[in-house]
file my_file-v4.tsv (TSV, N, CA and C atoms)
chain	number	residue	atom	x	y	z
A	14	PHE	N	-11.83	29.30	8.30
A	14	PHE	CA	-12.26	28.25	9.20
A	14	PHE	C	-11.84	28.61	10.62
A	15	ASP	N	-12.67	28.26	11.58
A	15	ASP	CA	-12.28	28.44	12.98
A	15	ASP	C	-11.35	27.32	13.41
A	16	SER	N	-11.59	26.13	12.90
A	16	SER	CA	-10.72	25.00	13.24
A	16	SER	C	-10.85	23.92	12.19
A	17	ILE	N	-9.80	23.14	12.09
A	17	ILE	CA	-9.81	21.96	11.23
A	17	ILE	C	-9.42	20.80	12.14
A	18	LEU	N	-10.25	19.78	12.18
A	18	LEU	CA	-9.99	18.62	13.03
A	18	LEU	C	-9.73	17.40	12.17
A	19	GLY	N	-8.94	16.48	12.68
A	19	GLY	CA	-8.77	15.20	12.01
A	19	GLY	C	-7.69	15.16	10.97
A	20	VAL	N	-6.75	16.08	10.97
A	20	VAL	CA	-5.62	16.00	10.06
A	20	VAL	C	-4.77	14.83	10.53
A	21	THR	N	-4.59	13.84	9.69
A	21	THR	CA	-4.05	12.55	10.13
A	21	THR	C	-2.53	12.49	10.11
A	22	GLY	N	-1.91	13.20	11.01
A	22	GLY	CA	-0.47	13.08	11.15
A	22	GLY	C	0.34	13.82	10.13
A	23	THR	N	-0.31	14.55	9.23
A	23	THR	CA	0.44	15.23	8.19
A	23	THR	C	0.81	16.66	8.56
A	24	LEU	N	0.12	17.24	9.51
A	24	LEU	CA	0.37	18.63	9.85
A	24	LEU	C	1.82	18.87	10.26
A	25	SER	N	2.39	17.95	11.02
A	25	SER	CA	3.77	18.13	11.49
A	25	SER	C	4.80	17.89	10.39
A	26	THR	N	4.37	17.38	9.24
A	26	THR	CA	5.31	17.08	8.16
A	26	THR	C	5.26	18.09	7.02
A	27	LEU	N	4.42	19.12	7.14
A	27	LEU	CA	4.28	20.09	6.07
A	27	LEU	C	5.52	20.96	5.94
A	28	SER	N	5.81	21.35	4.71
A	28	SER	CA	6.95	22.25	4.45
A	28	SER	C	6.59	23.66	4.92
A	29	ASP	N	7.59	24.53	4.99
A	29	ASP	CA	7.35	25.93	5.36
A	29	ASP	C	6.36	26.59	4.41
A	30	LYS	N	6.48	26.29	3.13
A	30	LYS	CA	5.58	26.88	2.13
A	30	LYS	C	4.14	26.40	2.37
A	31	GLU	N	3.97	25.11	2.65
A	31	GLU	CA	2.63	24.58	2.89
A	31	GLU	C	2.03	25.18	4.17
A	32	MET	N	2.85	25.32	5.21
A	32	MET	CA	2.37	25.95	6.45
A	32	MET	C	1.99	27.40	6.20
A	33	SER	N	2.73	28.08	5.35
A	33	SER	CA	2.42	29.46	5.01
A	33	SER	C	1.05	29.57	4.35
A	34	VAL	N	0.73	28.64	3.47
A	34	VAL	CA	-0.59	28.62	2.82
A	34	VAL	C	-1.69	28.43	3.87
A	35	ILE	N	-1.48	27.52	4.80
A	35	ILE	CA	-2.47	27.28	5.86
A	35	ILE	C	-2.68	28.56	6.68
A	36	GLU	N	-1.60	29.24	6.96
A	36	GLU	CA	-1.69	30.45	7.79
A	36	GLU	C	-2.27	31.63	7.03
A	37	THR	N	-1.87	31.84	5.77
A	37	THR	CA	-2.32	33.02	5.04
A	37	THR	C	-3.66	32.81	4.35
A	38	GLU	N	-3.86	31.66	3.75
A	38	GLU	CA	-5.10	31.41	3.02
A	38	GLU	C	-6.26	31.00	3.93
A	39	PHE	N	-5.95	30.17	4.93
A	39	PHE	CA	-7.00	29.66	5.80
A	39	PHE	C	-7.04	30.35	7.17
A	40	LYS	N	-6.06	31.21	7.40
A	40	LYS	CA	-5.99	32.01	8.64
A	40	LYS	C	-5.96	31.14	9.90
A	41	LEU	N	-5.31	30.00	9.81
A	41	LEU	CA	-5.14	29.13	10.98
A	41	LEU	C	-3.78	29.44	11.59
A	42	LEU	N	-3.79	29.88	12.82
A	42	LEU	CA	-2.55	30.31	13.46
A	42	LEU	C	-2.21	29.51	14.71
A	43	GLU	N	-3.11	28.67	15.17
A	43	GLU	CA	-2.86	27.85	16.35
A	43	GLU	C	-2.99	26.38	15.98
A	44	TYR	N	-2.10	25.57	16.53
A	44	TYR	CA	-2.08	24.14	16.20
A	44	TYR	C	-1.94	23.34	17.48
A	45	THR	N	-2.61	22.22	17.51
A	45	THR	CA	-2.46	21.28	18.62
A	45	THR	C	-2.12	19.93	18.01
A	46	TYR	N	-1.01	19.37	18.46
A	46	TYR	CA	-0.59	18.06	17.98
A	46	TYR	C	-0.96	17.03	19.04
A	47	MET	N	-1.71	16.02	18.64
A	47	MET	CA	-2.13	14.97	19.55
A	47	MET	C	-1.48	13.66	19.12
A	48	PRO	N	-1.04	12.85	20.08
A	48	PRO	CA	-0.51	11.53	19.69
A	48	PRO	C	-1.64	10.66	19.15
A	49	SER	N	-1.29	9.74	18.30
A	49	SER	CA	-2.27	8.84	17.73
A	49	SER	C	-2.89	7.95	18.80
A	50	VAL	N	-4.19	7.76	18.71
A	50	VAL	CA	-4.85	6.83	19.64
A	50	VAL	C	-4.50	5.39	19.30
A	51	TYR	N	-3.90	5.18	18.13
A	51	TYR	CA	-3.53	3.84	17.70
A	51	TYR	C	-2.10	3.48	18.06
A	52	GLY	N	-1.39	4.36	18.74
A	52	GLY	CA	-0.01	4.08	19.12
A	52	GLY	C	0.95	4.42	18.01
A	53	ASP	N	2.18	3.99	18.18
A	53	ASP	CA	3.22	4.27	17.19
A	53	ASP	C	2.94	3.56	15.88
A	54	SER	N	3.43	4.14	14.81
A	54	SER	CA	3.27	3.55	13.49
A	54	SER	C	3.96	2.19	13.44
A	55	LYS	N	3.33	1.25	12.75
A	55	LYS	CA	3.91	-0.08	12.56
A	55	LYS	C	4.46	-0.23	11.14
A	56	LEU	N	4.52	0.89	10.43
A	56	LEU	CA	5.04	0.87	9.07
A	56	LEU	C	6.51	0.47	9.09
A	57	ASP	N	6.85	-0.50	8.26
A	57	ASP	CA	8.23	-0.99	8.19
A	57	ASP	C	9.07	0.00	7.40
A	58	GLN	N	9.84	0.82	8.11
A	58	GLN	CA	10.65	1.85	7.48
A	58	GLN	C	11.92	1.28	6.82
A	59	THR	N	12.18	-0.01	7.01
A	59	THR	CA	13.40	-0.60	6.43
A	59	THR	C	13.21	-0.97	4.96
A	60	LEU	N	11.97	-1.03	4.48
A	60	LEU	CA	11.74	-1.37	3.08
A	60	LEU	C	12.17	-0.20	2.21
A	61	ARG	N	12.95	-0.48	1.21
A	61	ARG	CA	13.47	0.55	0.32
A	61	ARG	C	13.18	0.15	-1.12
A	62	PRO	N	13.04	1.13	-2.00
A	62	PRO	CA	12.83	0.80	-3.41
A	62	PRO	C	14.02	0.03	-3.97
A	63	LEU	N	13.74	-0.88	-4.86
A	63	LEU	CA	14.78	-1.64	-5.54
A	63	LEU	C	14.77	-1.29	-7.02
A	64	VAL	N	15.92	-1.21	-7.61
A	64	VAL	CA	16.04	-1.03	-9.05
A	64	VAL	C	16.66	-2.30	-9.58
A	65	LEU	N	15.91	-3.02	-10.42
A	65	LEU	CA	16.35	-4.33	-10.90
A	65	LEU	C	16.34	-4.37	-12.41
A	66	ASP	N	17.27	-5.13	-12.97
A	66	ASP	CA	17.29	-5.34	-14.41
A	66	ASP	C	16.46	-6.56	-14.75
A	67	GLY	N	15.55	-6.40	-15.66
A	67	GLY	CA	14.81	-7.52	-16.19
A	67	GLY	C	13.61	-7.94	-15.36
A	68	ARG	N	12.64	-8.48	-16.06
A	68	ARG	CA	11.39	-8.90	-15.45
A	68	ARG	C	11.58	-10.06	-14.49
A	69	ALA	N	12.42	-11.02	-14.83
A	69	ALA	CA	12.63	-12.18	-13.96
A	69	ALA	C	13.20	-11.76	-12.61
A	70	ARG	N	14.15	-10.83	-12.61
A	70	ARG	CA	14.72	-10.36	-11.33
A	70	ARG	C	13.67	-9.62	-10.53
A	71	HIS	N	12.82	-8.87	-11.22
A	71	HIS	CA	11.74	-8.16	-10.53
A	71	HIS	C	10.78	-9.18	-9.90
A	72	HIS	N	10.38	-10.18	-10.66
A	72	HIS	CA	9.49	-11.21	-10.13
A	72	HIS	C	10.11	-11.92	-8.94
A	73	GLN	N	11.40	-12.20	-9.02
A	73	GLN	CA	12.09	-12.85	-7.92
A	73	GLN	C	12.04	-11.97	-6.67
A	74	ALA	N	12.29	-10.68	-6.82
A	74	ALA	CA	12.27	-9.77	-5.68
A	74	ALA	C	10.88	-9.67	-5.07
A	75	VAL	N	9.86	-9.61	-5.91
A	75	VAL	CA	8.47	-9.58	-5.41
A	75	VAL	C	8.18	-10.87	-4.66
A	76	TYR	N	8.56	-11.99	-5.25
A	76	TYR	CA	8.32	-13.29	-4.60
A	76	TYR	C	9.05	-13.38	-3.26
A	77	ASN	N	10.30	-12.94	-3.21
A	77	ASN	CA	11.06	-13.02	-1.96
A	77	ASN	C	10.40	-12.20	-0.86
A	78	THR	N	9.89	-11.04	-1.21
A	78	THR	CA	9.19	-10.21	-0.22
A	78	THR	C	7.92	-10.90	0.26
A	79	ILE	N	7.16	-11.44	-0.68
A	79	ILE	CA	5.94	-12.16	-0.33
A	79	ILE	C	6.28	-13.36	0.56
A	80	ALA	N	7.29	-14.12	0.18
A	80	ALA	CA	7.66	-15.32	0.95
A	80	ALA	C	8.05	-14.95	2.37
A	81	ASP	N	8.79	-13.86	2.52
A	81	ASP	CA	9.19	-13.41	3.86
A	81	ASP	C	7.96	-13.07	4.71
A	82	LEU	N	7.00	-12.38	4.12
A	82	LEU	CA	5.81	-11.99	4.87
A	82	LEU	C	4.92	-13.19	5.18
A	83	THR	N	4.75	-14.08	4.23
A	83	THR	CA	3.87	-15.22	4.47
A	83	THR	C	4.49	-16.23	5.44
A	84	LYS	N	5.82	-16.29	5.52
A	84	LYS	CA	6.46	-17.14	6.54
A	84	LYS	C	6.06	-16.70	7.93
A	85	ARG	N	5.83	-15.40	8.06
A	85	ARG	CA	5.41	-14.84	9.35
A	85	ARG	C	3.88	-14.80	9.45
A	86	ASN	N	3.22	-15.49	8.51
A	86	ASN	CA	1.76	-15.61	8.47
A	86	ASN	C	1.06	-14.26	8.32
A	87	ARG	N	1.73	-13.32	7.65
A	87	ARG	CA	1.17	-12.00	7.43
A	87	ARG	C	0.35	-11.98	6.15
A	88	PRO	N	-0.78	-11.30	6.13
A	88	PRO	CA	-1.49	-11.10	4.85
A	88	PRO	C	-0.65	-10.18	3.97
A	89	THR	N	-0.66	-10.41	2.68
A	89	THR	CA	0.19	-9.64	1.78
A	89	THR	C	-0.63	-9.18	0.58
A	90	LEU	N	-0.72	-7.88	0.40
A	90	LEU	CA	-1.39	-7.28	-0.74
A	90	LEU	C	-0.33	-6.70	-1.65
A	91	VAL	N	-0.35	-7.08	-2.92
A	91	VAL	CA	0.66	-6.64	-3.88
A	91	VAL	C	-0.06	-5.90	-5.00
A	92	TYR	N	0.37	-4.67	-5.25
A	92	TYR	CA	-0.23	-3.85	-6.30
A	92	TYR	C	0.73	-3.75	-7.48
A	93	PHE	N	0.19	-3.96	-8.67
A	93	PHE	CA	0.97	-3.91	-9.90
A	93	PHE	C	0.52	-2.73	-10.75
A	94	GLN	N	1.40	-2.27	-11.61
A	94	GLN	CA	1.12	-1.12	-12.47
A	94	GLN	C	-0.18	-1.32	-13.25
A	95	ASP	N	-0.39	-2.52	-13.75
A	95	ASP	CA	-1.59	-2.80	-14.52
A	95	ASP	C	-1.82	-4.31	-14.51
A	96	GLU	N	-2.92	-4.74	-15.12
A	96	GLU	CA	-3.25	-6.17	-15.13
A	96	GLU	C	-2.24	-6.99	-15.92
A	97	GLU	N	-1.65	-6.41	-16.93
A	97	GLU	CA	-0.63	-7.12	-17.71
A	97	GLU	C	0.56	-7.47	-16.82
A	98	ALA	N	1.04	-6.52	-16.05
A	98	ALA	CA	2.17	-6.77	-15.14
A	98	ALA	C	1.78	-7.77	-14.05
A	99	MET	N	0.54	-7.65	-13.56
A	99	MET	CA	0.06	-8.57	-12.54
A	99	MET	C	0.00	-10.00	-13.09
A	100	ASP	N	-0.55	-10.15	-14.29
A	100	ASP	CA	-0.63	-11.48	-14.90
A	100	ASP	C	0.75	-12.04	-15.20
A	101	ALA	N	1.67	-11.19	-15.62
A	101	ALA	CA	3.03	-11.66	-15.91
A	101	ALA	C	3.66	-12.25	-14.65
A	102	PHE	N	3.46	-11.59	-13.51
A	102	PHE	CA	3.99	-12.13	-12.26
A	102	PHE	C	3.24	-13.40	-11.86
A	103	ALA	N	1.92	-13.35	-11.88
A	103	ALA	CA	1.11	-14.51	-11.46
A	103	ALA	C	1.44	-15.75	-12.27
A	104	ASN	N	1.74	-15.58	-13.55
A	104	ASN	CA	2.03	-16.72	-14.43
A	104	ASN	C	3.52	-17.05	-14.52
A	105	SER	N	4.35	-16.29	-13.80
A	105	SER	CA	5.79	-16.55	-13.83
A	105	SER	C	6.12	-17.77	-12.96
A	106	ASP	N	7.35	-18.25	-13.07
A	106	ASP	CA	7.80	-19.36	-12.22
A	106	ASP	C	7.64	-19.00	-10.75
A	107	TYR	N	7.84	-17.74	-10.40
A	107	TYR	CA	7.73	-17.31	-9.00
A	107	TYR	C	6.27	-17.22	-8.57
A	108	GLY	N	5.45	-16.62	-9.38
A	108	GLY	CA	4.04	-16.48	-9.03
A	108	GLY	C	3.34	-17.81	-8.86
A	109	ARG	N	3.73	-18.78	-9.66
A	109	ARG	CA	3.09	-20.11	-9.57
A	109	ARG	C	3.49	-20.86	-8.31
A	110	GLN	N	4.51	-20.39	-7.60
A	110	GLN	CA	4.92	-21.04	-6.34
A	110	GLN	C	4.06	-20.62	-5.16
A	111	LEU	N	3.25	-19.60	-5.32
A	111	LEU	CA	2.44	-19.10	-4.21
A	111	LEU	C	1.27	-20.03	-3.95
A	112	ALA	N	1.07	-20.38	-2.68
A	112	ALA	CA	0.02	-21.33	-2.31
A	112	ALA	C	-1.34	-20.67	-2.17
A	113	LYS	N	-1.45	-19.72	-1.27
A	113	LYS	CA	-2.73	-19.06	-1.01
A	113	LYS	C	-2.72	-17.70	-1.69
A	114	VAL	N	-3.17	-17.67	-2.96
A	114	VAL	CA	-3.11	-16.43	-3.72
A	114	VAL	C	-4.44	-16.17	-4.42
A	115	ALA	N	-4.84	-14.91	-4.44
A	115	ALA	CA	-6.02	-14.48	-5.19
A	115	ALA	C	-5.59	-13.36	-6.13
A	116	VAL	N	-6.13	-13.38	-7.33
A	116	VAL	CA	-5.85	-12.34	-8.32
A	116	VAL	C	-7.15	-11.58	-8.54
A	117	VAL	N	-7.11	-10.28	-8.27
A	117	VAL	CA	-8.31	-9.45	-8.39
A	117	VAL	C	-8.14	-8.51	-9.57
A	118	ARG	N	-9.15	-8.47	-10.42
A	118	ARG	CA	-9.13	-7.65	-11.62
A	118	ARG	C	-10.17	-6.54	-11.54
A	119	GLU	N	-10.03	-5.55	-12.40
A	119	GLU	CA	-11.04	-4.49	-12.45
A	119	GLU	C	-12.41	-5.08	-12.72
A	120	SER	N	-12.46	-6.14	-13.51
A	120	SER	CA	-13.73	-6.76	-13.87
A	120	SER	C	-14.21	-7.79	-12.86
A	121	SER	N	-13.44	-8.03	-11.80
A	121	SER	CA	-13.82	-9.04	-10.81
A	121	SER	C	-15.14	-8.68	-10.14
A	122	ARG	N	-15.93	-9.68	-9.93
A	122	ARG	CA	-17.16	-9.50	-9.16
A	122	ARG	C	-16.83	-9.73	-7.70
A	123	HIS	N	-17.63	-9.18	-6.84
A	123	HIS	CA	-17.49	-9.40	-5.39
A	123	HIS	C	-16.11	-8.96	-4.89
A	124	VAL	N	-15.67	-7.79	-5.31
A	124	VAL	CA	-14.37	-7.27	-4.89
A	124	VAL	C	-14.31	-7.16	-3.38
A	125	SER	N	-15.41	-6.77	-2.75
A	125	SER	CA	-15.40	-6.64	-1.28
A	125	SER	C	-15.08	-7.97	-0.62
A	126	HIS	N	-15.53	-9.07	-1.21
A	126	HIS	CA	-15.20	-10.40	-0.68
A	126	HIS	C	-13.69	-10.63	-0.78
A	127	HIS	N	-13.10	-10.27	-1.90
A	127	HIS	CA	-11.65	-10.45	-2.08
A	127	HIS	C	-10.87	-9.61	-1.06
A	128	VAL	N	-11.36	-8.41	-0.79
A	128	VAL	CA	-10.69	-7.55	0.17
A	128	VAL	C	-10.78	-8.16	1.57
A	129	GLU	N	-11.94	-8.69	1.92
A	129	GLU	CA	-12.09	-9.37	3.22
A	129	GLU	C	-11.15	-10.56	3.34
A	130	GLU	N	-11.02	-11.32	2.28
A	130	GLU	CA	-10.13	-12.48	2.28
A	130	GLU	C	-8.66	-12.06	2.31
A	131	ALA	N	-8.36	-10.92	1.69
A	131	ALA	CA	-6.97	-10.47	1.55
A	131	ALA	C	-6.29	-10.21	2.88
A	132	VAL	N	-7.05	-9.91	3.91
A	132	VAL	CA	-6.43	-9.57	5.20
A	132	VAL	C	-6.34	-10.76	6.14
A	133	LYS	N	-6.64	-11.95	5.64
A	133	LYS	CA	-6.51	-13.15	6.47
A	133	LYS	C	-5.04	-13.58	6.53
A	134	PRO	N	-4.63	-14.15	7.66
A	134	PRO	CA	-3.22	-14.55	7.83
A	134	PRO	C	-2.72	-15.44	6.69
A	135	GLY	N	-1.56	-15.10	6.16
A	135	GLY	CA	-0.91	-15.92	5.14
A	135	GLY	C	-1.46	-15.75	3.74
A	136	MET	N	-2.52	-14.98	3.57
A	136	MET	CA	-3.13	-14.80	2.25
A	136	MET	C	-2.32	-13.81	1.43
A	137	VAL	N	-2.19	-14.10	0.13
A	137	VAL	CA	-1.54	-13.20	-0.82
A	137	VAL	C	-2.58	-12.79	-1.84
A	138	THR	N	-2.73	-11.49	-2.03
A	138	THR	CA	-3.70	-10.98	-2.99
A	138	THR	C	-3.01	-10.02	-3.94
A	139	LEU	N	-3.20	-10.25	-5.23
A	139	LEU	CA	-2.60	-9.42	-6.27
A	139	LEU	C	-3.67	-8.50	-6.84
A	140	PHE	N	-3.35	-7.21	-6.90
A	140	PHE	CA	-4.27	-6.20	-7.42
A	140	PHE	C	-3.57	-5.37	-8.49
A	141	PRO	N	-4.32	-4.91	-9.51
A	141	PRO	CA	-3.77	-3.89	-10.40
A	141	PRO	C	-3.86	-2.54	-9.68
A	142	SER	N	-3.14	-1.55	-10.15
A	142	SER	CA	-3.10	-0.24	-9.49
A	142	SER	C	-4.46	0.43	-9.43
A	143	PHE	N	-5.40	-0.02	-10.24
A	143	PHE	CA	-6.76	0.51	-10.21
A	143	PHE	C	-7.31	0.52	-8.79
A	144	PHE	N	-6.95	-0.49	-7.99
A	144	PHE	CA	-7.45	-0.60	-6.63
A	144	PHE	C	-6.54	0.07	-5.61
A	145	GLY	N	-5.44	0.64	-6.08
A	145	GLY	CA	-4.50	1.27	-5.16
A	145	GLY	C	-5.02	2.62	-4.69
A	146	ARG	N	-4.30	3.17	-3.78
A	146	ARG	CA	-4.68	4.45	-3.19
A	146	ARG	C	-4.00	5.59	-3.91
A	147	GLY	N	-4.76	6.66	-4.17
A	147	GLY	CA	-4.17	7.87	-4.74
A	147	GLY	C	-3.72	7.68	-6.14
call {"tool": "encode", "arguments": {"input": "my_file-v4.tsv", "output": "structure tokens"}}
result
Amino acid sequence: FDSILGVTGTLSTLSDKEMSVIETEFKLLEYTYMPSVYGDSKLDQTLRPLVLDGRARHHQAVYNTIADLTKRNRPTLVYFQDEEAMDAFANSDYGRQLAKVAVVRESSRHVSHHVEEAVKPGMVTLFPSFFGRG
């Protein structure tokens, strides 16, 4: 290739081995790093994985995170391993406390409508991992 355009911020994070592949296999030897036109990342780097004992503690932790975000009127999308885990949370004491919540399934019709609704302020949307990225 003469050039590759549009690498989304990952070029500067590649390991030495990955950079070596780009240089030897693709023969790319010059790089230009451009700042994002969208500004600095707004990703919350303070969120860390939690290891919890028991389903109830897990549901409580999920609920607490959702409650914190919805207090700030933020839309909240929550992805679960599968529909069984999603339903277990939705039907738990914590899940039933959520006011503005939508549950989206693989079999749901009008998924695009649910996605449009999911980004509205204060909305909570539960998805199985089927809809997750990667």
call {"tool": "atom_distance", "arguments": {"input": "my_file-v4.tsv", "atom1": "atom C of A:Asn77", "atom2": "atom N of A:Glu97"}}
result
20.9 Å
call {"tool": "atom_distance", "arguments": {"input": "my_file-v4.tsv", "atom1": "atom N of A:Phe93", "atom2": "atom CA of A:Leu139"}}
result
6.6 Å
call {"tool": "residues_near_point", "arguments": {"input": "my_file-v4.tsv", "point": "(-7.4, -16.7, -2.9)", "cutoff": "9 Å", "atoms": "only C-alpha atoms", "output": "list in words"}}
result
Ala112, Lys113, Val114, Ala115, Val116, His127, Glu130, Ala131, Met136, Val137 and Thr138 of chain A
call {"tool": "residues_near_point", "arguments": {"input": "my_file-v4.tsv", "point": "(-3.9, 1.5, -9.1)", "cutoff": "8 Å", "atoms": "all atoms listed in the file", "output": "JSON, numbers by chain"}}
result
{"A": [92, 93, 94, 95, 140, 141, 142, 143, 144, 145, 146, 147]}
call {"tool": "atom_distance", "arguments": {"input": "my_file-v4.tsv", "atom1": "atom CA of A:Asp100", "atom2": "atom CA of A:Gly67"}}
result
16.0 Å
call {"tool": "axis_aligned_box", "arguments": {"input": "my_file-v4.tsv", "around": "stretch 25-35 of chain A", "padding_each_side": "5 Å", "output": "AutoDock Vina command-line options"}}
result
--center_x 2.5 --center_y 23.3 --center_z 6.8 --size_x 20.3 --size_y 22.5 --size_z 19.4
call {"tool": "select_by_dssp", "arguments": {"input": "my_file-v4.tsv", "residues": "chain A", "states": "strand (DSSP E or B)", "output": "CSV table (one decimal) with N, CA and C atoms, keeping the file's coordinate frame"}}
result
chain,number,residue,atom,x,y,z
A,89,THR,N,-0.7,-10.4,2.7
A,89,THR,CA,0.2,-9.6,1.8
A,89,THR,C,-0.6,-9.2,0.6
A,90,LEU,N,-0.7,-7.9,0.4
A,90,LEU,CA,-1.4,-7.3,-0.7
A,90,LEU,C,-0.3,-6.7,-1.6
A,91,VAL,N,-0.4,-7.1,-2.9
A,91,VAL,CA,0.7,-6.6,-3.9
A,91,VAL,C,-0.1,-5.9,-5.0
A,92,TYR,N,0.4,-4.7,-5.2
A,92,TYR,CA,-0.2,-3.8,-6.3
A,92,TYR,C,0.7,-3.8,-7.5
A,93,PHE,N,0.2,-4.0,-8.7
A,93,PHE,CA,1.0,-3.9,-9.9
A,93,PHE,C,0.5,-2.7,-10.8
A,114,VAL,N,-3.2,-17.7,-3.0
A,114,VAL,CA,-3.1,-16.4,-3.7
A,114,VAL,C,-4.4,-16.2,-4.4
A,115,ALA,N,-4.8,-14.9,-4.4
A,115,ALA,CA,-6.0,-14.5,-5.2
A,115,ALA,C,-5.6,-13.4,-6.1
A,116,VAL,N,-6.1,-13.4,-7.3
A,116,VAL,CA,-5.8,-12.3,-8.3
A,116,VAL,C,-7.2,-11.6,-8.5
A,137,VAL,N,-2.2,-14.1,0.1
A,137,VAL,CA,-1.5,-13.2,-0.8
A,137,VAL,C,-2.6,-12.8,-1.8
A,138,THR,N,-2.7,-11.5,-2.0
A,138,THR,CA,-3.7,-11.0,-3.0
A,138,THR,C,-3.0,-10.0,-3.9
A,139,LEU,N,-3.2,-10.2,-5.2
A,139,LEU,CA,-2.6,-9.4,-6.3
A,139,LEU,C,-3.7,-8.5,-6.8
A,140,PHE,N,-3.4,-7.2,-6.9
A,140,PHE,CA,-4.3,-6.2,-7.4
A,140,PHE,C,-3.6,-5.4,-8.5
A,141,PRO,N,-4.3,-4.9,-9.5
A,141,PRO,CA,-3.8,-3.9,-10.4
A,141,PRO,C,-3.9,-2.5,-9.7
call {"tool": "closest_residue", "arguments": {"input": "my_file-v4.tsv", "among": "A:Thr23, A:Thr59, A:Val64, A:Lys30", "to": "A:Met47", "atoms": "only C-alpha atoms"}}
result
A:Thr23
call {"tool": "select_by_dssp", "arguments": {"input": "my_file-v4.tsv", "residues": "chain A", "states": "alpha helix (DSSP H)", "output": "NGL selection string"}}
result
:A and (29-38 or 68-84 or 96-103 or 124-131)
call {"tool": "closest_residue", "arguments": {"input": "my_file-v4.tsv", "among": "A:Glu31, A:Glu119, A:Ser125, A:Tyr107", "to": "A:Val75", "atoms": "only N, CA and C atoms"}}
result
A:Tyr107
call {"tool": "closest_residue", "arguments": {"input": "my_file-v4.tsv", "among": "A:Pro62, A:Arg87, A:Tyr44, A:Ile79", "to": "A:Lys133", "atoms": "only C-alpha atoms"}}
result
A:Arg87
call {"tool": "build_atoms", "arguments": {"input": "my_file-v4.tsv", "residues": "stretch 73-85 of chain A", "atoms": "N, CA, C and O atoms", "output": "compact mmCIF listing (two decimals), in the frame of the given file"}}
result
# COMPACT_ATOMS: atom_id res chain seq x y z
N GLN A 73 11.40 -12.20 -9.02
CA GLN A 73 12.09 -12.85 -7.92
C GLN A 73 12.04 -11.97 -6.67
O GLN A 73 11.78 -12.45 -5.56
N ALA A 74 12.29 -10.68 -6.82
CA ALA A 74 12.27 -9.77 -5.68
C ALA A 74 10.88 -9.67 -5.07
O ALA A 74 10.72 -9.67 -3.84
N VAL A 75 9.86 -9.61 -5.91
CA VAL A 75 8.47 -9.58 -5.41
C VAL A 75 8.18 -10.87 -4.66
O VAL A 75 7.65 -10.85 -3.54
N TYR A 76 8.56 -11.99 -5.25
CA TYR A 76 8.32 -13.29 -4.60
C TYR A 76 9.05 -13.38 -3.26
O TYR A 76 8.48 -13.84 -2.26
N ASN A 77 10.30 -12.94 -3.21
CA ASN A 77 11.06 -13.02 -1.96
C ASN A 77 10.40 -12.20 -0.86
O ASN A 77 10.35 -12.63 0.30
N THR A 78 9.89 -11.04 -1.21
CA THR A 78 9.19 -10.21 -0.22
C THR A 78 7.92 -10.90 0.26
O THR A 78 7.64 -10.96 1.46
N ILE A 79 7.16 -11.44 -0.68
CA ILE A 79 5.94 -12.16 -0.33
C ILE A 79 6.28 -13.36 0.56
O ILE A 79 5.62 -13.59 1.58
N ALA A 80 7.29 -14.12 0.18
CA ALA A 80 7.66 -15.32 0.95
C ALA A 80 8.05 -14.95 2.37
O ALA A 80 7.68 -15.64 3.33
N ASP A 81 8.79 -13.86 2.52
CA ASP A 81 9.19 -13.41 3.86
C ASP A 81 7.96 -13.07 4.71
O ASP A 81 7.88 -13.44 5.87
N LEU A 82 7.00 -12.38 4.12
CA LEU A 82 5.81 -11.99 4.87
C LEU A 82 4.92 -13.19 5.18
O LEU A 82 4.38 -13.30 6.29
N THR A 83 4.75 -14.08 4.23
CA THR A 83 3.87 -15.22 4.47
C THR A 83 4.49 -16.23 5.44
O THR A 83 3.76 -16.92 6.14
N LYS A 84 5.82 -16.29 5.52
CA LYS A 84 6.46 -17.14 6.54
C LYS A 84 6.06 -16.70 7.93
O LYS A 84 5.99 -17.49 8.86
N ARG A 85 5.83 -15.40 8.06
CA ARG A 85 5.41 -14.84 9.35
C ARG A 85 3.88 -14.80 9.45
O ARG A 85 3.32 -14.17 10.32
